[in-house]
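Shown below: entry.cif, with mmCIF, C-alpha atoms and all ligand atoms.
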data_coords
loop_
_atom_site.label_atom_id
_atom_site.label_comp_id
_atom_site.auth_asym_id
_atom_site.auth_seq_id
_atom_site.Cartn_x
_atom_site.Cartn_y
_atom_site.Cartn_z
CA MET A 16 11.97 4.45 -10.83
CA THR A 17 13.00 2.84 -7.56
CA GLU A 18 13.40 6.23 -5.87
CA THR A 19 10.37 7.06 -3.77
CA VAL A 20 8.07 9.64 -5.26
CA SER A 21 5.31 11.39 -3.37
CA PRO A 22 1.81 9.97 -3.93
CA GLU A 23 0.81 13.35 -5.40
CA LYS A 24 3.58 13.06 -7.99
CA ALA A 25 2.93 9.39 -8.73
CA ARG A 26 -0.71 10.19 -9.39
CA TYR A 27 0.21 13.04 -11.69
CA ASP A 28 2.66 10.87 -13.65
CA PHE A 29 0.05 8.20 -14.11
CA LYS A 30 -2.69 10.57 -15.20
CA LYS A 31 -0.35 12.29 -17.61
CA GLY A 32 0.85 8.96 -19.00
CA MET A 33 -2.74 7.91 -19.62
CA GLN A 34 -3.47 11.12 -21.51
CA ASP A 35 -0.53 10.39 -23.78
CA ILE A 36 -1.72 6.96 -24.87
CA VAL A 37 -5.50 6.89 -24.68
CA ASP A 38 -6.26 8.55 -28.01
CA VAL A 39 -3.37 7.21 -30.05
CA ARG A 40 -4.30 5.38 -33.27
CA GLY A 41 -1.83 3.39 -35.34
CA HIS A 42 -1.84 2.86 -39.11
CA GLY A 43 -2.27 -0.90 -38.87
CA THR A 44 -2.55 -3.51 -36.18
CA GLU A 45 0.81 -2.69 -34.76
CA LEU A 46 0.45 -1.00 -31.38
CA ILE A 47 1.52 -3.23 -28.52
CA SER A 48 0.14 -3.12 -25.00
CA LEU A 49 1.83 -5.26 -22.39
CA TYR A 50 0.60 -5.72 -18.80
CA VAL A 51 2.91 -7.42 -16.33
CA PRO A 52 1.74 -8.20 -12.78
CA GLU A 53 4.23 -7.90 -9.93
CA GLN A 54 4.45 -11.68 -9.41
CA ARG A 55 5.61 -12.38 -12.96
CA GLN A 56 9.27 -13.19 -13.63
CA ILE A 57 10.99 -10.90 -16.12
CA SER A 58 12.55 -13.96 -17.78
CA ASP A 59 9.05 -15.41 -18.41
CA VAL A 60 7.95 -12.20 -20.05
CA MET A 61 11.07 -12.16 -22.23
CA ALA A 62 10.39 -15.71 -23.38
CA TYR A 63 6.81 -14.76 -24.19
CA LEU A 64 7.95 -11.76 -26.24
CA ARG A 65 10.54 -13.78 -28.15
CA ASP A 66 7.76 -16.12 -29.11
CA GLU A 67 5.53 -13.26 -30.26
CA TYR A 68 8.47 -11.94 -32.26
CA SER A 69 8.89 -15.13 -34.23
CA GLN A 70 5.14 -15.47 -34.78
CA SER A 71 5.01 -11.94 -36.16
CA SER A 72 7.01 -13.08 -39.18
CA ASN A 73 3.68 -14.47 -40.45
CA ILE A 74 2.17 -10.98 -40.70
CA LYS A 75 1.31 -10.28 -44.34
CA SER A 76 2.02 -6.57 -44.53
CA LYS A 77 5.80 -6.11 -44.52
CA SER A 78 5.64 -2.67 -42.93
CA THR A 79 3.30 -3.86 -40.16
CA MET A 80 5.58 -6.80 -39.50
CA LYS A 81 8.61 -4.55 -39.29
CA ASN A 82 6.83 -2.16 -36.93
CA VAL A 83 5.59 -4.93 -34.66
CA GLN A 84 9.04 -6.44 -34.46
CA SER A 85 10.77 -3.20 -33.68
CA ALA A 86 8.15 -2.47 -30.99
CA ILE A 87 8.80 -5.87 -29.41
CA ASP A 88 12.55 -5.17 -29.56
CA SER A 89 12.04 -1.85 -27.88
CA ILE A 90 9.92 -3.37 -25.11
CA MET A 91 12.48 -6.09 -24.48
CA ALA A 92 15.24 -3.51 -24.26
CA ARG A 93 13.22 -1.67 -21.67
CA LEU A 94 12.44 -4.78 -19.66
CA ARG A 95 16.14 -5.59 -19.47
CA THR A 96 16.54 -2.49 -17.31
CA PHE A 97 14.30 -4.05 -14.63
CA LYS A 98 15.72 -6.52 -12.14
CA THR A 99 12.25 -7.42 -10.94
CA VAL A 100 8.77 -6.23 -11.77
CA PRO A 101 7.98 -3.17 -9.61
CA PRO A 102 5.21 -3.27 -6.98
CA ASN A 103 1.77 -3.06 -8.65
CA GLY A 104 3.38 -4.30 -11.87
CA VAL A 105 4.10 -2.34 -15.00
CA ALA A 106 2.26 -1.54 -18.23
CA ILE A 107 4.23 -0.81 -21.41
CA PHE A 108 2.74 0.69 -24.55
CA CYS A 109 4.86 0.75 -27.64
CA GLY A 110 4.51 1.24 -31.36
CA GLU A 111 4.85 3.33 -34.47
CA VAL A 112 2.51 6.30 -34.12
CA PRO A 113 1.47 8.74 -36.87
CA ARG A 114 2.88 12.27 -36.70
CA ALA A 115 2.28 15.29 -38.91
CA GLY A 116 2.12 14.47 -42.63
CA ASP A 117 3.17 10.95 -43.54
CA GLN A 118 5.66 10.78 -40.72
CA THR A 119 5.52 8.17 -37.99
CA LYS A 120 7.43 7.94 -34.76
CA MET A 121 8.21 5.04 -32.46
CA VAL A 122 6.85 5.81 -29.01
CA GLN A 123 7.17 3.89 -25.78
CA HIS A 124 5.23 4.69 -22.63
CA VAL A 125 5.94 2.92 -19.38
CA LEU A 126 3.28 3.27 -16.71
CA PHE A 127 3.56 2.32 -13.05
CA PRO A 128 -0.07 2.03 -12.02
CA PRO A 129 -1.34 3.19 -8.62
CA GLU A 130 -3.15 -0.13 -8.18
CA PRO A 131 -2.00 -3.68 -8.85
CA ILE A 132 -2.13 -5.16 -12.34
CA THR A 133 -3.74 -8.54 -11.79
CA THR A 134 -3.53 -10.23 -15.18
CA PHE A 135 -0.67 -10.70 -17.60
CA MET A 136 -1.69 -9.46 -21.01
CA TYR A 137 -0.14 -8.92 -24.43
CA ARG A 138 -2.17 -7.18 -27.12
CA CYS A 139 -1.40 -6.01 -30.59
CA ASP A 140 -4.05 -3.72 -32.04
CA SER A 141 -4.58 -0.47 -33.92
CA GLN A 142 -4.85 1.35 -30.60
CA PHE A 143 -3.41 0.89 -27.15
CA TYR A 144 -5.49 -1.18 -24.76
CA THR A 145 -6.06 0.92 -21.64
CA GLU A 146 -9.27 -0.49 -20.13
CA PRO A 147 -7.56 -2.13 -17.12
CA LEU A 148 -6.06 1.22 -16.11
CA LYS A 149 -9.10 3.42 -16.55
CA GLY A 150 -10.74 2.57 -13.22
CA MET A 151 -7.52 3.55 -11.51
CA LEU A 152 -7.94 7.15 -12.60
CA LEU A 153 -11.02 7.49 -10.47
CA ASP A 154 -8.56 7.09 -7.65
CA LYS A 155 -7.68 9.03 -5.41
CA ARG A 156 -5.72 8.53 -2.27
CA ALA A 157 -5.55 5.71 0.21
CA TYR A 158 -7.79 5.61 3.28
CA GLY A 159 -7.58 3.45 6.35
CA LEU A 160 -10.82 1.64 7.14
CA ILE A 161 -12.11 0.39 10.48
CA VAL A 162 -15.54 -1.12 11.04
CA ILE A 163 -16.34 -2.00 14.60
CA ASP A 164 -19.05 -3.10 16.99
CA ARG A 165 -18.78 -4.94 20.26
CA GLN A 166 -18.49 -8.37 18.71
CA GLU A 167 -16.06 -7.85 15.91
CA ALA A 168 -13.87 -5.40 14.06
CA THR A 169 -12.31 -5.44 10.58
CA ILE A 170 -9.44 -3.31 9.37
CA GLY A 171 -8.66 -2.59 5.75
CA ILE A 172 -7.30 -0.11 3.26
CA MET A 173 -9.00 1.56 0.36
CA SER A 174 -6.63 2.57 -2.42
CA GLY A 175 -8.28 4.05 -5.47
CA SER A 176 -11.15 1.72 -6.22
CA THR A 177 -9.61 -1.28 -4.46
CA ILE A 178 -10.56 -2.33 -0.93
CA THR A 179 -8.09 -4.65 0.79
CA PRO A 180 -9.17 -6.28 4.07
CA LEU A 181 -6.18 -6.60 6.40
CA LYS A 182 -7.39 -8.02 9.67
CA ASN A 183 -10.51 -9.31 11.35
CA ILE A 184 -10.63 -9.23 15.13
CA ASP A 185 -13.19 -11.05 17.27
CA SER A 186 -14.00 -9.69 20.67
CA LEU A 187 -14.49 -11.71 23.82
CA VAL A 188 -17.08 -9.26 25.01
CA PRO A 189 -19.97 -11.30 26.44
CA ARG A 190 -23.34 -10.66 24.91
CA LYS A 191 -25.63 -8.72 27.10
CA HIS A 192 -27.55 -11.53 28.72
CA ARG A 193 -26.34 -12.39 32.12
CA GLN A 194 -25.74 -15.92 33.30
CA GLY A 195 -27.41 -17.00 36.52
CA GLY A 196 -25.59 -16.32 39.73
CA GLN A 197 -23.69 -13.24 38.62
CA SER A 198 -24.60 -9.91 40.05
CA ALA A 199 -25.69 -7.38 37.47
CA GLN A 200 -23.01 -4.97 38.58
CA ARG A 201 -20.21 -7.50 38.36
CA PHE A 202 -21.37 -8.60 34.95
CA GLU A 203 -21.44 -5.01 33.74
CA ARG A 204 -17.86 -4.55 34.92
CA LEU A 205 -16.74 -7.70 33.11
CA ILE A 206 -18.27 -6.45 29.92
CA GLU A 207 -16.56 -3.10 30.18
CA LEU A 208 -13.23 -4.75 30.91
CA ALA A 209 -13.54 -7.06 27.92
CA ALA A 210 -14.61 -4.17 25.71
CA HIS A 211 -11.61 -2.16 26.87
CA GLU A 212 -9.23 -5.01 25.97
CA PHE A 213 -10.96 -5.44 22.62
CA PHE A 214 -10.71 -1.74 21.74
CA LYS A 215 -7.04 -1.78 22.65
CA LYS A 216 -6.45 -4.73 20.38
CA VAL A 217 -8.24 -3.05 17.48
CA ALA A 218 -6.26 0.14 18.04
CA ASP A 219 -2.97 -1.81 18.02
CA SER A 220 -3.89 -3.43 14.74
CA ALA A 221 -4.74 -0.02 13.32
CA THR A 222 -1.32 1.25 14.42
CA ASP A 223 0.37 -1.66 12.63
CA ALA A 224 -1.66 -1.09 9.50
CA PHE A 225 -1.76 2.71 9.19
CA LEU A 226 0.92 4.49 11.23
CA ASP A 227 3.73 6.12 9.21
CA LYS A 228 2.13 5.13 5.92
CA GLU A 229 2.55 8.27 3.88
CA GLU A 230 -0.13 7.34 1.37
CA ILE A 231 -2.89 7.19 4.00
CA GLU A 232 -4.84 10.37 3.61
CA GLY A 233 -7.47 9.74 6.26
CA ILE A 234 -9.22 7.09 8.31
CA LEU A 235 -12.88 6.16 8.00
CA VAL A 236 -14.62 4.51 10.91
CA GLY A 237 -17.87 2.61 10.53
CA GLY A 238 -20.19 0.24 12.30
CA PRO A 239 -23.74 -0.07 13.55
CA GLY A 240 -24.66 2.01 16.56
CA TYR A 241 -22.63 3.80 19.17
CA THR A 242 -19.54 1.57 19.54
CA LYS A 243 -17.57 3.38 16.83
CA GLU A 244 -18.15 6.73 18.54
CA GLN A 245 -17.13 5.31 21.90
CA PHE A 246 -13.99 3.82 20.37
CA LEU A 247 -12.99 7.26 19.06
CA LYS A 248 -14.15 9.35 21.98
CA GLU A 249 -12.16 7.34 24.49
CA ASN A 250 -9.00 7.84 22.42
CA TYR A 251 -7.97 4.26 21.86
CA LEU A 252 -6.34 5.08 18.54
CA HIS A 253 -2.73 6.26 18.42
CA HIS A 254 -2.87 10.06 18.62
CA GLU A 255 -1.35 10.42 15.13
CA LEU A 256 -4.10 8.20 13.74
CA GLN A 257 -6.79 9.94 15.75
CA LYS A 258 -5.88 13.15 13.89
CA LEU A 259 -6.44 11.38 10.57
CA VAL A 260 -10.01 10.28 11.30
CA SER A 261 -12.11 11.83 8.54
CA GLY A 262 -15.49 10.78 9.81
CA THR A 263 -17.79 8.05 11.10
CA PHE A 264 -20.41 6.33 8.99
CA ASP A 265 -23.16 3.87 9.81
CA THR A 266 -22.82 0.38 8.41
CA CYS A 267 -24.85 -2.76 9.14
CA TYR A 268 -21.89 -5.13 9.05
CA THR A 269 -18.45 -5.23 10.65
CA ASP A 270 -16.85 -7.87 8.43
CA GLU A 271 -15.32 -7.52 4.96
CA TYR A 272 -18.71 -6.61 3.62
CA GLY A 273 -18.83 -3.85 6.21
CA LEU A 274 -15.68 -2.34 4.68
CA LYS A 275 -17.48 -2.09 1.34
CA GLU A 276 -20.49 -0.52 2.99
CA LEU A 277 -18.24 1.96 4.74
CA VAL A 278 -16.60 3.11 1.50
CA GLU A 279 -19.95 3.30 -0.26
CA ASN A 280 -21.44 5.44 2.51
CA ALA A 281 -18.40 7.69 2.74
CA LYS A 282 -18.10 8.36 -1.00
CA ASP A 283 -19.77 11.76 -1.15
CA ALA A 284 -17.98 12.91 1.94
CA LEU A 285 -14.64 11.84 0.45
CA ARG A 286 -15.18 13.71 -2.77
CA ASP A 287 -16.10 16.81 -0.81
CA MET A 288 -13.03 16.45 1.39
CA ASP A 289 -10.71 16.37 -1.60
CA LEU A 290 -12.29 19.46 -3.03
CA THR A 291 -12.44 21.16 0.35
CA LYS A 292 -8.72 20.77 0.84
CA GLU A 293 -8.05 22.33 -2.55
CA LYS A 294 -10.51 25.14 -1.92
CA GLU A 295 -8.96 25.95 1.42
CA LEU A 296 -5.51 26.24 -0.11
CA ILE A 297 -6.70 28.59 -2.83
CA GLN A 298 -8.67 30.67 -0.36
CA ARG A 299 -5.58 30.95 1.80
CA LEU A 300 -3.68 32.14 -1.26
CA PHE A 301 -6.34 34.75 -2.03
CA SER A 302 -6.39 36.06 1.52
CA GLU A 303 -2.60 36.57 1.32
CA ILE A 304 -2.88 38.28 -2.06
CA ARG A 305 -5.52 40.65 -0.70
CA LYS A 306 -3.14 41.96 1.96
CA GLN A 307 -1.75 45.36 1.10
CA ASP A 308 1.84 44.16 0.67
CA GLY A 309 0.80 41.00 -1.15
CA GLY A 310 1.30 38.96 2.01
CA LEU A 311 2.87 35.54 1.77
CA SER A 312 1.91 34.95 -1.83
CA ALA A 313 3.49 34.66 -5.25
CA TYR A 314 1.84 33.97 -8.58
CA GLY A 315 2.75 33.66 -12.21
CA GLU A 316 5.54 31.38 -13.32
CA ASP A 317 8.45 33.82 -13.07
CA SER A 318 7.68 35.12 -9.57
CA VAL A 319 6.93 31.66 -8.26
CA ARG A 320 10.12 30.26 -9.75
CA TYR A 321 12.14 33.07 -8.23
CA ALA A 322 10.66 32.50 -4.77
CA LEU A 323 11.06 28.75 -5.13
CA GLU A 324 14.77 28.99 -5.95
CA MET A 325 15.23 31.18 -2.86
CA GLY A 326 13.72 28.45 -0.74
CA ALA A 327 10.88 30.78 0.20
CA VAL A 328 7.95 28.67 -0.97
CA ASP A 329 5.99 26.72 1.60
CA THR A 330 3.31 25.28 -0.67
CA LEU A 331 3.35 25.30 -4.42
CA LEU A 332 -0.07 25.28 -6.08
CA LEU A 333 -0.20 23.94 -9.62
CA SER A 334 -3.20 23.44 -11.88
CA GLU A 335 -3.60 19.94 -13.19
CA GLY A 336 -4.42 21.54 -16.52
CA LEU A 337 -1.05 23.27 -17.02
CA ASP A 338 -0.17 21.13 -20.03
CA SER A 339 3.19 22.77 -20.72
CA ARG A 340 6.84 21.88 -21.25
CA ARG A 341 9.97 23.33 -19.71
CA LEU A 342 12.80 23.58 -22.19
CA SER A 343 16.49 24.42 -22.13
CA VAL A 344 17.45 25.91 -25.48
CA GLN A 345 20.49 27.26 -27.27
CA CYS A 346 21.26 28.89 -30.61
CA ASN A 347 24.30 28.93 -32.92
CA ASN A 348 25.38 32.25 -31.50
CA GLY A 349 25.83 30.85 -28.03
CA HIS A 350 22.65 32.14 -26.41
CA ARG A 351 21.30 29.69 -23.87
CA TYR A 352 18.25 29.97 -21.69
CA ASP A 353 15.23 28.13 -20.29
CA LEU A 354 11.68 28.73 -21.33
CA THR A 355 8.17 27.35 -20.94
CA VAL A 356 5.97 26.53 -23.92
CA ARG A 357 2.55 24.96 -24.34
CA GLU A 358 2.46 21.21 -24.94
CA GLY A 359 3.11 20.60 -28.65
CA GLU A 360 4.95 23.88 -29.26
CA ASP A 361 8.19 22.11 -28.44
CA GLU A 362 7.83 20.29 -31.73
CA GLU A 363 7.64 23.50 -33.73
CA ARG A 364 10.57 25.51 -35.03
CA MET A 365 11.57 28.17 -32.51
CA GLU A 366 13.68 31.28 -32.86
CA CYS A 367 16.19 32.67 -30.42
CA GLY A 368 14.77 35.56 -28.41
CA GLU A 369 18.14 37.36 -28.60
CA CYS A 370 19.18 37.02 -32.22
CA GLY A 371 16.44 35.22 -34.13
CA ALA A 372 18.57 32.19 -35.03
CA VAL A 373 17.03 28.73 -34.91
CA LEU A 374 16.86 27.32 -31.40
CA GLU A 375 17.99 23.85 -30.53
CA ILE A 376 16.33 22.15 -27.55
CA THR A 377 18.91 20.65 -25.20
CA TYR A 378 16.51 19.62 -22.47
CA ASN A 379 12.77 19.05 -22.50
CA GLU A 380 10.48 18.00 -19.68
CA ASP A 381 6.94 18.32 -18.46
CA LEU A 382 6.46 21.60 -16.59
CA VAL A 383 4.84 19.98 -13.57
CA ASP A 384 7.65 17.41 -13.38
CA ASN A 385 10.12 20.25 -13.48
CA PHE A 386 8.37 22.03 -10.61
CA PHE A 387 8.19 18.82 -8.58
CA GLU A 388 11.96 18.41 -8.92
CA ARG A 389 12.75 21.97 -7.93
CA ALA A 390 10.27 21.81 -5.03
CA ASP A 391 11.91 18.64 -3.80
CA ALA A 392 15.24 20.41 -3.55
CA PHE A 393 13.75 22.96 -1.12
CA ASN A 394 11.42 20.77 0.89
CA THR A 395 8.47 22.59 -0.62
CA SER A 396 5.18 20.72 -0.75
CA VAL A 397 3.33 20.61 -4.03
CA GLU A 398 -0.44 20.51 -4.38
CA LEU A 399 -2.03 19.75 -7.71
CA ILE A 400 -5.30 21.59 -8.00
CA SER A 401 -8.08 20.18 -10.16
CA SER A 402 -10.37 22.46 -12.08
CA ASP A 403 -13.45 20.84 -10.51
CA SER A 404 -14.04 23.80 -8.21
CA GLU A 405 -14.53 27.49 -8.90
CA GLU A 406 -11.33 28.16 -6.95
CA GLY A 407 -9.42 25.69 -9.12
CA GLN A 408 -10.62 27.39 -12.29
CA MET A 409 -9.65 30.75 -10.87
CA LEU A 410 -6.09 29.54 -10.26
CA MET A 411 -5.86 28.59 -13.91
CA LYS A 412 -7.48 31.71 -15.35
CA ALA A 413 -6.16 34.41 -13.07
CA PHE A 414 -2.66 33.11 -12.35
CA GLY A 415 -1.83 30.86 -15.29
CA GLY A 416 -2.17 27.85 -13.03
CA ILE A 417 0.94 28.59 -10.96
CA ALA A 418 0.95 30.18 -7.50
CA ALA A 419 2.60 29.77 -4.14
CA ILE A 420 2.09 30.30 -0.45
CA LEU A 421 5.37 31.58 0.96
CA ARG A 422 7.38 30.91 4.10
CA TYR A 423 8.54 34.52 4.13
CA ARG A 424 8.21 37.50 1.85
CA VAL A 425 10.63 37.98 -1.02
CA GLU A 426 11.13 41.23 -2.91
ZN ZN A 501 20.65 33.58 -30.23
#
Re-express the file's structure as structure tokens.
Ligand code: ZN
Amino acid sequence: MTETVSPEKARYDFKKGMQDIVDVRGHGTELISLYVPEQRQISDVMAYLRDEYSQSSNIKSKSTMKNVQSAIDSIMARLRTFKTVPPNGVAIFCGEVPRAGDQTKMVQHVLFPPEPITTFMYRCDSQFYTEPLKGMLLDKRAYGLIVIDRQEATIGIMSGSTITPLKNIDSLVPRKHRQGGQSAQRFERLIELAAHEFFKKVADSATDAFLDKEEIEGILVGGPGYTKEQFLKENYLHHELQKLVSGTFDTCYTDEYGLKELVENAKDALRDMDLTKEKELIQRLFSEIRKQDGGLSAYGEDSVRYALEMGAVDTLLLSEGLDSRRLSVQCNNGHRYDLTVREGEDEERMECGECGAVLEITYNEDLVDNFFERADAFNTSVELISSDSEEGQMLMKAFGGIAAILRYRVE
């Protein structure tokens, strides 16, 4: 887990993990949800679980007791693999879950949330407790926030639904009433000088807070009146940050409350921006496809995979709704190959495409995960496309949810 994953991938993993646990129902009160904040010591959590384990011997139903205890065992085994709690904490869901017929199966889901877990929590219930994570799905990316007027500026970060103030900077810019004895011109010059110094200071703080932070998708600038426009127009921000500015929005305040106002006022624009980016990618794909020779496009799993393995894919476009597994299979007669099946089909009996013998699955992973891994090997960027736009739905319907914009044409 300690390897760095792209924010796009981390978000996908989290969303997918949530889908897996949200609707699960257990037979009895035997599904365990454990939330561990980053600050918590692993040894504390272990002690807590050992205590729960011994208390569970009071449970009346023998089968429930057994299931609770083996879930606690399984969680403890998992926790032993952590040296420390990862940033943002970790949520573990574990228990005996009904399968087809009378069967049950022990499942364990470990989620690394995109936002911090704030409260330690242990619950044992007939379903997993997911409330604390639900707000995090509204996400999406992180944005840098600056609210500024001539008196004050505040810098912060919005990540998902959380706003974190980072720095408040007071200016030494004199208010606009002149003291006796100063010439109006001289006073004006002093003001401009002080404003210049102030803007520089704000820009430096923005550099510290936002530069080279991969998760920052854009920067929102707010404040009352013209100061925010002046700050941008005169290029105080580092040029890399200047490129990230997604818009300016009016706010009444320039303190922490101003950050909240800024996010509130930018909400619609942000949602549109997300969708716009996706739309633009799909439209670019379509304009390539329309070219007589197919242009720099590939679509359908086989063609895209082929181009990907040649290193020819610039941007891989995947529908969030793919919902499939990538399997490696083999049969008794020595046939081995990879194939893609819909989610759930991997639990059915499958026959070898060559000889009809029963197939054994030797490797099984989420299709999107599989694509992320392959893309990583070729420095290909991956964009997950929601089905919230017409373009996104088209990707799913017309191309099975898998397409690519190429670096060069492949035959
Ligand atoms: Zn075979």
Quick one: everything within 10 Å of stretch 216-218 of chain A, counting all atoms listed in the file, minus sequence neighbours fewer than 5 positions away in the same chain. Send it as a list in words. Ile161, Val162, Ile163, Glu167, Ala168, Thr169, Ile170, Lys182, Asn183, Ile184, Asp185, Ser186, Ala210, His211, Asp223, Ala224, Phe246, Leu247, Asn250, Tyr251, Leu252, His253 and Leu256 of chain A
Protein and nucleic acid residues within 10 Å of ligand ZN 501 (chain A) (all atoms listed in the file) as a count of residues only: 18
Residues proximal to (12.8, -2.1, -21.6) were defined as those with any atom within 12 Å of that point in the file's coordinates, counting all atoms listed in the file. Which are they, as a PyMOL selection string? chain A and resi 49+57+60-61+64+86-100+105-109+123-126
Using all atoms listed in the file, can you tell me which of A:Arg201, A:Pro189, A:Ala313, A:Leu148 comes closest to A:Gln34? A:Leu148
Two-atom distance - atom CA of A:Ala281, atom CA of A:Ile234 (Å): 10.8 Å
Might you pull out every residue within 8 Å of stretch 333-340 of chain A, with only C-alpha atoms counted and same-chain residues fewer than 4 positions away left off, and present them as a PyMOL selection string? chain A and resi 355-358+361+379-383+397-402+407+410-411+415-418
Taking 6 positions as the minimum chain separation for residues in the same chain, which residues sit within 7 Å of A:Ala157 when counting all atoms listed in the file? Answer as a list in words. Ile172, Met173, Ser174, Gly175, Glu230, Ile231 and Glu232 of chain A
Missing atoms in stretch 88-105 of chain A: fill them in up to N, CA and C atoms and send the result as a PDB file, in the coordinates of the input.
ATOM      1  N   ASP A  88      11.147  -5.422 -29.908  1.00  0.00           N
ATOM      2  CA  ASP A  88      12.550  -5.170 -29.560  1.00  0.00           C
ATOM      3  C   ASP A  88      12.689  -4.087 -28.509  1.00  0.00           C
ATOM      4  N   SER A  89      11.941  -3.010 -28.760  1.00  0.00           N
ATOM      5  CA  SER A  89      12.040  -1.850 -27.880  1.00  0.00           C
ATOM      6  C   SER A  89      11.527  -2.179 -26.475  1.00  0.00           C
ATOM      7  N   ILE A  90      10.449  -2.975 -26.418  1.00  0.00           N
ATOM      8  CA  ILE A  90       9.920  -3.370 -25.110  1.00  0.00           C
ATOM      9  C   ILE A  90      10.915  -4.271 -24.375  1.00  0.00           C
ATOM     10  N   MET A  91      11.518  -5.183 -25.122  1.00  0.00           N
ATOM     11  CA  MET A  91      12.480  -6.090 -24.480  1.00  0.00           C
ATOM     12  C   MET A  91      13.689  -5.322 -23.953  1.00  0.00           C
ATOM     13  N   ALA A  92      14.111  -4.319 -24.727  1.00  0.00           N
ATOM     14  CA  ALA A  92      15.240  -3.510 -24.260  1.00  0.00           C
ATOM     15  C   ALA A  92      14.884  -2.819 -22.949  1.00  0.00           C
ATOM     16  N   ARG A  93      13.641  -2.357 -22.888  1.00  0.00           N
ATOM     17  CA  ARG A  93      13.220  -1.670 -21.670  1.00  0.00           C
ATOM     18  C   ARG A  93      13.141  -2.630 -20.482  1.00  0.00           C
ATOM     19  N   LEU A  94      12.602  -3.799 -20.748  1.00  0.00           N
ATOM     20  CA  LEU A  94      12.440  -4.780 -19.660  1.00  0.00           C
ATOM     21  C   LEU A  94      13.793  -5.210 -19.094  1.00  0.00           C
ATOM     22  N   ARG A  95      14.817  -5.193 -19.956  1.00  0.00           N
ATOM     23  CA  ARG A  95      16.140  -5.590 -19.470  1.00  0.00           C
ATOM     24  C   ARG A  95      16.642  -4.649 -18.396  1.00  0.00           C
ATOM     25  N   THR A  96      16.092  -3.427 -18.341  1.00  0.00           N
ATOM     26  CA  THR A  96      16.540  -2.490 -17.310  1.00  0.00           C
ATOM     27  C   THR A  96      15.903  -2.768 -15.957  1.00  0.00           C
ATOM     28  N   PHE A  97      14.921  -3.680 -15.907  1.00  0.00           N
ATOM     29  CA  PHE A  97      14.300  -4.050 -14.630  1.00  0.00           C
ATOM     30  C   PHE A  97      14.981  -5.293 -14.058  1.00  0.00           C
ATOM     31  N   LYS A  98      15.275  -5.275 -12.770  1.00  0.00           N
ATOM     32  CA  LYS A  98      15.720  -6.520 -12.140  1.00  0.00           C
ATOM     33  C   LYS A  98      14.508  -7.380 -11.826  1.00  0.00           C
ATOM     34  N   THR A  99      13.509  -6.732 -11.220  1.00  0.00           N
ATOM     35  CA  THR A  99      12.250  -7.420 -10.940  1.00  0.00           C
ATOM     36  C   THR A  99      11.122  -6.503 -11.369  1.00  0.00           C
ATOM     37  N   VAL A 100       9.937  -7.053 -11.446  1.00  0.00           N
ATOM     38  CA  VAL A 100       8.770  -6.230 -11.770  1.00  0.00           C
ATOM     39  C   VAL A 100       8.458  -5.355 -10.555  1.00  0.00           C
ATOM     40  N   PRO A 101       8.250  -4.051 -10.754  1.00  0.00           N
ATOM     41  CA  PRO A 101       7.980  -3.170  -9.610  1.00  0.00           C
ATOM     42  C   PRO A 101       6.646  -3.499  -8.931  1.00  0.00           C
ATOM     43  N   PRO A 102       6.479  -3.059  -7.680  1.00  0.00           N
ATOM     44  CA  PRO A 102       5.210  -3.270  -6.980  1.00  0.00           C
ATOM     45  C   PRO A 102       4.053  -2.746  -7.822  1.00  0.00           C
ATOM     46  N   ASN A 103       2.944  -3.407  -7.815  1.00  0.00           N
ATOM     47  CA  ASN A 103       1.770  -3.060  -8.650  1.00  0.00           C
ATOM     48  C   ASN A 103       1.949  -3.460 -10.114  1.00  0.00           C
ATOM     49  N   GLY A 104       3.163  -3.887 -10.488  1.00  0.00           N
ATOM     50  CA  GLY A 104       3.380  -4.300 -11.870  1.00  0.00           C
ATOM     51  C   GLY A 104       3.705  -3.126 -12.774  1.00  0.00           C
ATOM     52  N   VAL A 105       3.758  -3.389 -14.053  1.00  0.00           N
ATOM     53  CA  VAL A 105       4.100  -2.340 -15.000  1.00  0.00           C
ATOM     54  C   VAL A 105       3.318  -2.562 -16.298  1.00  0.00           C
TER      55      VAL A 105
END
